[in-house]
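The structure under discussion appears below in the form of structure tokens.
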Amino acid sequence: MQLLAGLFTIAATAVIPEKITVPGWEVCGSGVTAVSGFDPNWVEGGNTQSEIEGGMTFTTKQWGRTYLYFRFDATLPELVRDNSYEVEFDLKVTKAPGDDAAPEFAHQPGLLLWANTETAKSKYVRSYIWYEDAYVERPEYFAFPEVAMEGPSAPPGEFERYSASFTAPERYNNPTQAVWVRLSLVNRPERDVVSFSVRNICIRKPELSVDPPPTLSKYSTKFQITHPTEPAASEYEQANCPFAAGDLVSWTSLGFSDSASVKLPDNTKVLLSRSDVIEGLRYEKIEVPETSSLVFNDEAITLTVRSFLVRGKLLIGGPGCRVAGPIRIVFWGSRTDADTLDGFGSKGLAAVGLSSFVDMYGKRYYPTWTRLARKVRAGDDRAYLQRAVNWEVGQEVVLTTTIWDDTGRGTEPQNEVHTIKAISDDRLTIQFEANVKYVHYAGTEYQGEVALLTRTVSMEGEPSADGYGGHSIASNARARFAGVSTRFMGQTNILARYPFHLHMMGKNTGSLISDCVARDTYFRCFTIHGTNDTTVSENVAFNATGSCFYIEDGVEENNVFSHNLAAHVHPIGEAASGGSQSGVTLTENKNARGLNTNDRLFPADAAAAAYYISNSYNEFHGNVASGGWAGYSFPSLPYTVGSFKDDRFIQPHSRSLKKFTGNVCHSSGAYWNMAGCIYVGGELKMAGNVLKYMSGKASRPTIDEGGNHTWMLFENTLIYSSLQGMMHWGERVEMDRFEMHDITRSATLFGEAWLNNGLVNGYSGNVEADFENKHHDGFQFPDTTSKSVVTDIIFRNYKTDKCYINVLPGMFQTIKDPSYCEPDPAKGYDGWSVNDHSEVVWSGVFDSDEFKPQQISATRGIRFEDVEYQNLVSFKIVNTGASRMFNFIDFDGSATLEGFPTIVGSNLPWWNICSDCRFESQWSVWLCPKQPVGEVEEREVLHVKFTTPEITADNGGIESSGACQKAAENDYADWSNCDVGHMTLWGSDPTRKTPITSNAGVTGLSGTGWFMELDGGSPRVLEIVPEQVPIGSTFRFAVGYPAGTTFTITASHRWKSNSEVTFTAADSLTELMSSKSATQYFFDGNTLYLFPRPPEDIQVSEGKKFERGGAYVYSTVRTWTIRVEASCGVDSKGFCSTKPVNVLPPWDVPCPSSRPEARSPPPLTRTPAPPSVTQTPSPPTQTPSPPSSMNPFSNNQGPAVPHSITINEVTTCMLASEMTFIQRGP
């Protein structure tokens, strides 16, 4: 930026030392505790303890154990990554008195440290558990590796001084620590009694002088950082200032100086100066009539008032007159139901009516926030900035968190407020009064933010335990707030009591909120209510209660939110969660008051967001959301609510995004695993006169004013350090040009969804952002109905193969060796399937039989960086339709590295339709060329519903009626008792089949035939709905019937009258096969043959493709039903009374002699298959051997490095004394 030198006052700069001084500290004490089973009350066992000066003496008998532990608890100022620390103490170890007959033994202490898991919630757990009468210790649970201690030689029985230095490991730990010392005892007899004394323990951090962190080579890959327009020169000048007008009268001259309540005279312009305000005076009320004005001088003024009512004009500076003040308006008073502000309560500023006009213009600071140019390490004293600033020494700034959890429930929030001590000459470095406590990441992937919290004009409440602060509102008035800060503002759970509130202005005629601050709020931050065409720009919000940037009732449109920052946003009461997609349903409580309650005036505040967007037809560009239940929340409102609850001319949920570009979201979505940093979900509606909010899945049918489908378009978006990037429950969404880093999943998308031109990075260089004990999915394909197209995406850093196992009750551990993940009750834990890679690019939803995937997922143009082959696909083998029907189409072979268009199907041989298909054992899926070699037709994925009145239900009705229940409530439910038969591919191999269940629907490949066998026999009535049978694809269907059966077969459209057609019988199977008629059938005395598909005109109108980026998904056609009625005699269960002679049709599909030629570099050498699991089928004999190749994942062109791990000398036994480490080979 070009600094506007001379146009504003720049605070004096200071020389900032090149080196960073990290102060040291020392903590010493005498409180020592013996551990490792030591019980001081167990006298019979020889255990005693006694105090000595500066420490303790312990005597213990430990049955020949070769080591003992003692512990020193300390609360440390900090203990963080990459810093060096020292520990030292005096130690004396002897045989106990009276045990002189025992031989001498040597001892060597080793240092261990442990995070306090009650506060740090660290995965490094140190527990002692009795398990099957075996005393179990796990040394690997220590947060730090053991460090050998050094000490001088000393005479036997004398104290020795031991010391050790260590560097904190990768993970930050909470300051509450325990120092453990393990005494290794050599040559100790089995029943020897040991006495050891410890005293004068000290832990210290030496003062350090360190170099600054390195500069960054770039700030992003695909995301384009945007900046607000630099202010005009006039914003730094003072011209036409209202306080310089010649027709002003002084406040004192009107006799107001010592009045408790003041009402200005009509037709008067009053100037308030510093000398007019009596120090300590609290005004009860100040009122400005319609024809009068109150003007503040540009001086240091503090005005304390309970109620400030403006019907005329309140002028503190203006557009060409930014004031330096500082000017403070402080609102005082305890909670009251009194109304002293013309319908807007008390303790605040209310500008009411068409004659009311408020101007507040504090000094212009630019930018109001910026990003870090280098990483800020714990202990640093400065921040390097991407943009030069005109901030000033003595002002406060906030460094936003860059970890994923900002809730404060498990990890302390890592936003930090600091005071500026010095500013460099180039205005790109600011030094702080105090050293930084946490790491604030800045890397080539993303950078944390730094925001200025100080302004020269402020409105403030008072700290309030019950959330009753000040508030401001401009109702049907005109208001311009620029360069104004607020603190302790908002009144929790009281309608219309917010820090900044533009209220019921209709089409705005000039009101705005720019470069302001809302800090430490009690209810919201910036609220737009019943107001359109307003600009809210370059504002900062920090530490907010309830949703922050707030579009209230769903009627507000055409507003612009640009380059704002919201950080550290809290739900009111218990956060919305829930164990299913429905979340929770909450109801408003009109009597709710204060902070300390789970009752809420507004139920959606249980899901408080940085940006709450009840109507998406507004513009959002260049904003940042940090923290909150969600960063950007788009609840579905069927109709407007609140003040507009009786209106029906706007349906907010049908409105699409007007513009969403250049926005950032991070550190959000941790309250609920189904939320997202960007969350399009939840439903808010009126139930009579009561507002209800459902936090989970809700439809969002976005259309334009002409009723045409529109897609919510998110452009140029950056998301990082969040559980899930985007959760979109709506019907149509597109995300184009984006980056996501340090997330457990990029997006969960429903409806017609397109992800394009993006980067999905499982792990950045920010090791603090790691998600403990959570999976990382690049993208999860849905299980039904949706249409997901993923194109031109780079997936990066999906390569760490690990699983999370339960190690005895209450303990768990991350294991990175996949061979260690097999269930083994003898070792005291159970594991997951070896295919459950915790870091994986492609995954699915596998836990339902009711919901089964059609052809709903497609990819193209996929690239990988630092991804291992085994981590490309994670498929779960479970007894569900969602697992068996799993599929996606890789339209160019890039997602699977096949190098040609490929269809991916589940582990069942059902997907093995030809010899050119192959089974990939590392993923447990089948891979078939979409376009086979030769004259074989192109393959498509089909989905057909088969229903019978006796055993099946359309769309899962059986489950709800109780006829088909889950067999087990595990992580992935077992639905095996829903099986009612099988569908088998035509040909000579009867193993190529899939179960049919009472939840209707079968998905498979075209170009072959399907043969149905029901356990009950031949269905008397069979309805077939060919939902996805694309034009040009061949689908043959056959089912067995007893000889002599006759048929009446019809087809009709569900909604069209006179659409019924009657099938005719073909003279031969050859005639039917050659004609492929959709209205003929053939019965050969054993088997009924059909070619079920909708008429082409219905397919064209209803089965349209959703096509993006060269990949497509077909719509489902659910309106065309083929009904087969058989005359065969009926048994007691509704089937034909005679069982059929089921004969698998013998015609095999013509199979190509070879696989297609790869159009891209061949895949890397495959890792040998992992240990087999019982459900995984053996690959068929025709599966070709995987080729060897160069490694396309590597940045070099050397030979591929096998990803298998050789295990050398691995001990996996659990001994009575310890569990040894797993040692990996090279």
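Note on naming: chains are A, B, ... as they come in the structure tokens, residues start from 1 per chain, ligands start from 1 in the order shown.
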With DSSP run on the backbone, what are the helix (DSSP H, G or I) residues within range 983-1172 of chain A? I'd like them as a list in words.
Leu1069, Thr1070, Glu1071, Leu1072, Met1073, Ser1074, Ser1075, Glu1096, Asp1097, Ile1098, Gln1099, Val1100, Ser1101 and Glu1102 of chain A
Could you tell me, as a PyMOL selection string, which residues of range 440-626 of chain A DSSP assigns to strand (DSSP E or B) when given the backbone?
chain A and resi 440+442+447+449-452+457-460+468+470+472-475+478-482+484-487+489+491+500-507+512-514+517-519+526-532+535-537+540-545+549-551+560-562+565-570+585-587+609-613+619-621+624-626
What does the file look like for those residues with C-alpha atoms, as a PDB file, in the first residue's frame?
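Output file selection.pdb follows:
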ATOM      1  CA  HIS A 440      -0.327 -18.444  15.493  1.00  0.00           C
ATOM      2  CA  ALA A 442       1.412 -18.531   8.988  1.00  0.00           C
ATOM      3  CA  GLN A 447      -2.077 -17.313   7.702  1.00  0.00           C
ATOM      4  CA  GLU A 449      -5.232 -12.733  11.249  1.00  0.00           C
ATOM      5  CA  VAL A 450      -4.251  -9.692  13.309  1.00  0.00           C
ATOM      6  CA  ALA A 451      -7.013  -7.168  13.998  1.00  0.00           C
ATOM      7  CA  LEU A 452      -6.978  -3.721  15.555  1.00  0.00           C
ATOM      8  CA  VAL A 457     -14.776   6.884  19.297  1.00  0.00           C
ATOM      9  CA  SER A 458     -16.369   4.255  21.506  1.00  0.00           C
ATOM     10  CA  MET A 459     -19.654   3.167  23.049  1.00  0.00           C
ATOM     11  CA  GLU A 460     -19.242   0.998  26.114  1.00  0.00           C
ATOM     12  CA  TYR A 468     -26.824  -6.742  30.554  1.00  0.00           C
ATOM     13  CA  GLY A 470     -25.371  -1.191  26.675  1.00  0.00           C
ATOM     14  CA  SER A 472     -27.454   1.031  20.184  1.00  0.00           C
ATOM     15  CA  ILE A 473     -30.249   1.073  17.630  1.00  0.00           C
ATOM     16  CA  ALA A 474     -31.189   3.237  14.673  1.00  0.00           C
ATOM     17  CA  SER A 475     -34.880   2.596  13.967  1.00  0.00           C
ATOM     18  CA  ARG A 478     -30.394   7.268   9.281  1.00  0.00           C
ATOM     19  CA  ALA A 479     -27.128   6.249  10.914  1.00  0.00           C
ATOM     20  CA  ARG A 480     -23.503   6.151   9.828  1.00  0.00           C
ATOM     21  CA  PHE A 481     -21.031   4.453  12.157  1.00  0.00           C
ATOM     22  CA  ALA A 482     -17.383   4.572  11.077  1.00  0.00           C
ATOM     23  CA  VAL A 484     -16.392   3.336  16.343  1.00  0.00           C
ATOM     24  CA  SER A 485     -15.630   0.619  18.877  1.00  0.00           C
ATOM     25  CA  THR A 486     -18.021  -0.995  21.322  1.00  0.00           C
ATOM     26  CA  ARG A 487     -17.344  -3.132  24.378  1.00  0.00           C
ATOM     27  CA  MET A 489     -22.577  -4.037  24.584  1.00  0.00           C
ATOM     28  CA  GLN A 491     -28.295  -7.402  26.337  1.00  0.00           C
ATOM     29  CA  PHE A 500     -24.892  -2.060  16.368  1.00  0.00           C
ATOM     30  CA  HIS A 501     -28.438  -2.333  15.014  1.00  0.00           C
ATOM     31  CA  LEU A 502     -29.861  -0.916  11.789  1.00  0.00           C
ATOM     32  CA  HIS A 503     -33.571  -1.480  12.358  1.00  0.00           C
ATOM     33  CA  MET A 504     -36.570  -1.362  10.010  1.00  0.00           C
ATOM     34  CA  MET A 505     -35.087   1.120   7.548  1.00  0.00           C
ATOM     35  CA  GLY A 506     -36.532  -0.546   4.458  1.00  0.00           C
ATOM     36  CA  LYS A 507     -34.543   0.496   1.406  1.00  0.00           C
ATOM     37  CA  LEU A 512     -23.610   2.212   6.924  1.00  0.00           C
ATOM     38  CA  ILE A 513     -21.323   0.510   9.425  1.00  0.00           C
ATOM     39  CA  SER A 514     -17.643   0.707   8.491  1.00  0.00           C
ATOM     40  CA  VAL A 517     -15.310  -2.884  16.434  1.00  0.00           C
ATOM     41  CA  ALA A 518     -17.701  -4.988  18.507  1.00  0.00           C
ATOM     42  CA  ARG A 519     -15.713  -6.540  21.347  1.00  0.00           C
ATOM     43  CA  PHE A 526     -23.732  -6.068  13.840  1.00  0.00           C
ATOM     44  CA  THR A 527     -27.447  -6.582  13.134  1.00  0.00           C
ATOM     45  CA  ILE A 528     -29.327  -5.755   9.944  1.00  0.00           C
ATOM     46  CA  HIS A 529     -33.086  -5.977  10.492  1.00  0.00           C
ATOM     47  CA  GLY A 530     -35.784  -5.078   8.009  1.00  0.00           C
ATOM     48  CA  THR A 531     -33.167  -3.121   6.096  1.00  0.00           C
ATOM     49  CA  ASN A 532     -31.923  -3.485   2.515  1.00  0.00           C
ATOM     50  CA  THR A 535     -22.977  -1.677   3.444  1.00  0.00           C
ATOM     51  CA  VAL A 536     -21.238  -3.341   6.398  1.00  0.00           C
ATOM     52  CA  SER A 537     -17.526  -3.277   5.705  1.00  0.00           C
ATOM     53  CA  VAL A 540     -13.937  -6.358  13.495  1.00  0.00           C
ATOM     54  CA  ALA A 541     -15.842  -8.456  16.024  1.00  0.00           C
ATOM     55  CA  PHE A 542     -14.171 -10.396  18.814  1.00  0.00           C
ATOM     56  CA  ASN A 543     -15.510 -12.495  21.681  1.00  0.00           C
ATOM     57  CA  ALA A 544     -19.206 -12.384  20.824  1.00  0.00           C
ATOM     58  CA  THR A 545     -22.227 -13.980  22.495  1.00  0.00           C
ATOM     59  CA  PHE A 549     -22.983 -10.478  11.893  1.00  0.00           C
ATOM     60  CA  TYR A 550     -26.710 -11.003  11.888  1.00  0.00           C
ATOM     61  CA  ILE A 551     -29.371 -10.814   9.166  1.00  0.00           C
ATOM     62  CA  VAL A 560     -23.105  -5.890   1.200  1.00  0.00           C
ATOM     63  CA  PHE A 561     -20.812  -7.459   3.822  1.00  0.00           C
ATOM     64  CA  SER A 562     -17.212  -6.932   2.795  1.00  0.00           C
ATOM     65  CA  LEU A 565     -13.636 -10.212  10.550  1.00  0.00           C
ATOM     66  CA  ALA A 566     -15.510 -12.085  13.273  1.00  0.00           C
ATOM     67  CA  ALA A 567     -13.601 -14.166  15.832  1.00  0.00           C
ATOM     68  CA  HIS A 568     -14.413 -16.217  18.930  1.00  0.00           C
ATOM     69  CA  VAL A 569     -18.212 -16.506  18.748  1.00  0.00           C
ATOM     70  CA  HIS A 570     -20.143 -18.404  21.441  1.00  0.00           C
ATOM     71  CA  THR A 585     -35.188 -28.961  17.806  1.00  0.00           C
ATOM     72  CA  LEU A 586     -35.322 -25.939  20.085  1.00  0.00           C
ATOM     73  CA  THR A 587     -38.116 -23.505  20.916  1.00  0.00           C
ATOM     74  CA  ALA A 609     -22.413 -18.290  13.832  1.00  0.00           C
ATOM     75  CA  ALA A 610     -19.927 -15.615  12.959  1.00  0.00           C
ATOM     76  CA  TYR A 611     -22.231 -14.729  10.043  1.00  0.00           C
ATOM     77  CA  TYR A 612     -25.905 -15.662  10.427  1.00  0.00           C
ATOM     78  CA  ILE A 613     -27.522 -15.352   7.002  1.00  0.00           C
ATOM     79  CA  GLU A 619     -23.236 -10.033  -1.033  1.00  0.00           C
ATOM     80  CA  PHE A 620     -20.295 -11.396   0.969  1.00  0.00           C
ATOM     81  CA  HIS A 621     -16.760 -10.802  -0.156  1.00  0.00           C
ATOM     82  CA  VAL A 624     -13.196 -13.873   7.664  1.00  0.00           C
ATOM     83  CA  ALA A 625     -15.072 -16.092  10.105  1.00  0.00           C
ATOM     84  CA  SER A 626     -13.058 -17.567  12.975  1.00  0.00           C
TER      85      SER A 626
END
Applying 12 Å and only C-alpha atoms, which residues near range 20-24 of chain A remain after dropping the ones on its own chain fewer than 5 positions away? List them as a VMD selection string.
chain A and resid 76 to 79 83 to 86 203 to 213 376 to 383 431 to 432 434 to 437
Emit the selected residues as a compact mmCIF listing (two decimals), in the first residue's frame, including N, CA, C and O atoms.
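And here's selection.txt as it stands now:
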# COMPACT_ATOMS: atom_id res chain seq x y z
N LEU A 76 3.27 -24.56 35.43
CA LEU A 76 4.33 -23.84 34.74
C LEU A 76 3.76 -22.65 33.97
O LEU A 76 2.62 -22.69 33.52
N PRO A 77 4.53 -21.61 33.79
CA PRO A 77 4.04 -20.48 32.99
C PRO A 77 3.67 -20.90 31.58
O PRO A 77 2.70 -20.41 31.00
N GLU A 78 4.41 -21.78 31.02
CA GLU A 78 4.09 -22.32 29.70
C GLU A 78 5.03 -23.50 29.44
O GLU A 78 6.05 -23.65 30.11
N LEU A 79 4.66 -24.28 28.47
CA LEU A 79 5.52 -25.39 28.05
C LEU A 79 5.12 -25.67 26.61
O LEU A 79 4.07 -26.26 26.37
N ASN A 83 10.89 -25.13 22.40
CA ASN A 83 11.62 -24.39 23.43
C ASN A 83 12.37 -25.38 24.32
O ASN A 83 11.91 -26.51 24.54
N SER A 84 13.49 -24.95 24.85
CA SER A 84 14.32 -25.80 25.70
C SER A 84 14.02 -25.54 27.17
O SER A 84 13.78 -24.39 27.57
N TYR A 85 14.06 -26.59 27.98
CA TYR A 85 13.76 -26.50 29.40
C TYR A 85 14.78 -27.35 30.16
O TYR A 85 15.42 -28.24 29.60
N GLU A 86 14.88 -27.09 31.45
CA GLU A 86 15.80 -27.82 32.31
C GLU A 86 15.07 -28.29 33.56
O GLU A 86 14.17 -27.60 34.07
N ILE A 203 12.27 -26.64 37.91
CA ILE A 203 12.07 -26.66 36.47
C ILE A 203 12.26 -25.24 35.98
O ILE A 203 11.68 -24.30 36.54
N ARG A 204 13.06 -25.07 34.96
CA ARG A 204 13.31 -23.71 34.49
C ARG A 204 13.38 -23.67 32.97
O ARG A 204 13.66 -24.67 32.32
N LYS A 205 13.12 -22.50 32.49
CA LYS A 205 13.33 -22.20 31.08
C LYS A 205 14.33 -21.07 31.00
O LYS A 205 14.07 -19.97 31.50
N PRO A 206 15.47 -21.28 30.38
CA PRO A 206 16.45 -20.19 30.29
C PRO A 206 15.99 -19.12 29.31
O PRO A 206 15.23 -19.40 28.38
N GLU A 207 16.39 -17.91 29.57
CA GLU A 207 16.08 -16.84 28.62
C GLU A 207 16.77 -17.12 27.30
O GLU A 207 17.91 -17.55 27.23
N LEU A 208 16.05 -16.85 26.21
CA LEU A 208 16.55 -17.18 24.88
C LEU A 208 16.57 -15.94 24.01
O LEU A 208 15.75 -15.03 24.17
N SER A 209 17.49 -15.91 23.11
CA SER A 209 17.52 -14.90 22.06
C SER A 209 17.48 -15.65 20.74
O SER A 209 18.42 -16.39 20.40
N VAL A 210 16.38 -15.52 20.00
CA VAL A 210 16.15 -16.37 18.82
C VAL A 210 15.97 -15.50 17.59
O VAL A 210 15.58 -14.33 17.67
N ASP A 211 16.23 -16.12 16.46
CA ASP A 211 16.02 -15.44 15.18
C ASP A 211 14.53 -15.38 14.85
O ASP A 211 13.75 -16.23 15.30
N PRO A 212 14.12 -14.40 14.07
CA PRO A 212 12.72 -14.37 13.63
C PRO A 212 12.39 -15.58 12.77
O PRO A 212 13.29 -16.22 12.20
N PRO A 213 11.13 -15.94 12.69
CA PRO A 213 10.74 -17.05 11.81
C PRO A 213 11.01 -16.69 10.36
O PRO A 213 11.10 -15.51 10.00
N VAL A 376 3.90 -16.76 14.05
CA VAL A 376 4.18 -16.25 15.39
C VAL A 376 4.31 -17.47 16.31
O VAL A 376 3.36 -18.24 16.46
N ARG A 377 5.47 -17.63 16.89
CA ARG A 377 5.71 -18.77 17.77
C ARG A 377 5.40 -18.42 19.21
O ARG A 377 5.46 -17.24 19.60
N ALA A 378 5.06 -19.41 19.98
CA ALA A 378 4.86 -19.17 21.41
C ALA A 378 6.16 -18.64 21.99
O ALA A 378 7.23 -19.22 21.80
N GLY A 379 6.07 -17.52 22.68
CA GLY A 379 7.25 -16.87 23.23
C GLY A 379 7.74 -15.70 22.41
O GLY A 379 8.54 -14.89 22.90
N ASP A 380 7.29 -15.58 21.15
CA ASP A 380 7.67 -14.42 20.35
C ASP A 380 7.06 -13.15 20.93
O ASP A 380 6.06 -13.19 21.66
N ASP A 381 7.63 -12.02 20.55
CA ASP A 381 7.14 -10.74 21.08
C ASP A 381 6.64 -9.82 19.98
O ASP A 381 6.47 -8.62 20.21
N ARG A 382 6.38 -10.37 18.79
CA ARG A 382 6.02 -9.51 17.68
C ARG A 382 5.23 -10.28 16.63
O ARG A 382 5.17 -11.51 16.66
N ALA A 383 4.66 -9.52 15.72
CA ALA A 383 3.95 -10.10 14.57
C ALA A 383 4.40 -9.37 13.32
O ALA A 383 4.50 -8.13 13.30
N GLN A 431 5.55 -4.82 17.59
CA GLN A 431 6.08 -5.50 18.76
C GLN A 431 5.09 -5.32 19.90
O GLN A 431 4.44 -4.27 20.01
N PHE A 432 4.99 -6.35 20.77
CA PHE A 432 4.00 -6.35 21.84
C PHE A 432 4.66 -6.07 23.19
O PHE A 432 5.86 -6.32 23.39
N ALA A 434 3.90 -7.77 25.85
CA ALA A 434 4.12 -9.09 26.46
C ALA A 434 4.39 -10.11 25.37
O ALA A 434 4.02 -9.93 24.20
N ASN A 435 5.03 -11.20 25.76
CA ASN A 435 5.31 -12.26 24.80
C ASN A 435 4.05 -13.06 24.51
O ASN A 435 3.15 -13.19 25.34
N VAL A 436 4.01 -13.64 23.33
CA VAL A 436 2.86 -14.39 22.87
C VAL A 436 2.83 -15.76 23.54
O VAL A 436 3.87 -16.40 23.73
N LYS A 437 1.64 -16.21 23.90
CA LYS A 437 1.50 -17.46 24.63
C LYS A 437 1.36 -18.66 23.70
O LYS A 437 1.83 -19.75 24.00
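Across the structure, CA of Ile996 in chain A and CA of Leu1014 in chain A are spaced 7.9 Å apart.
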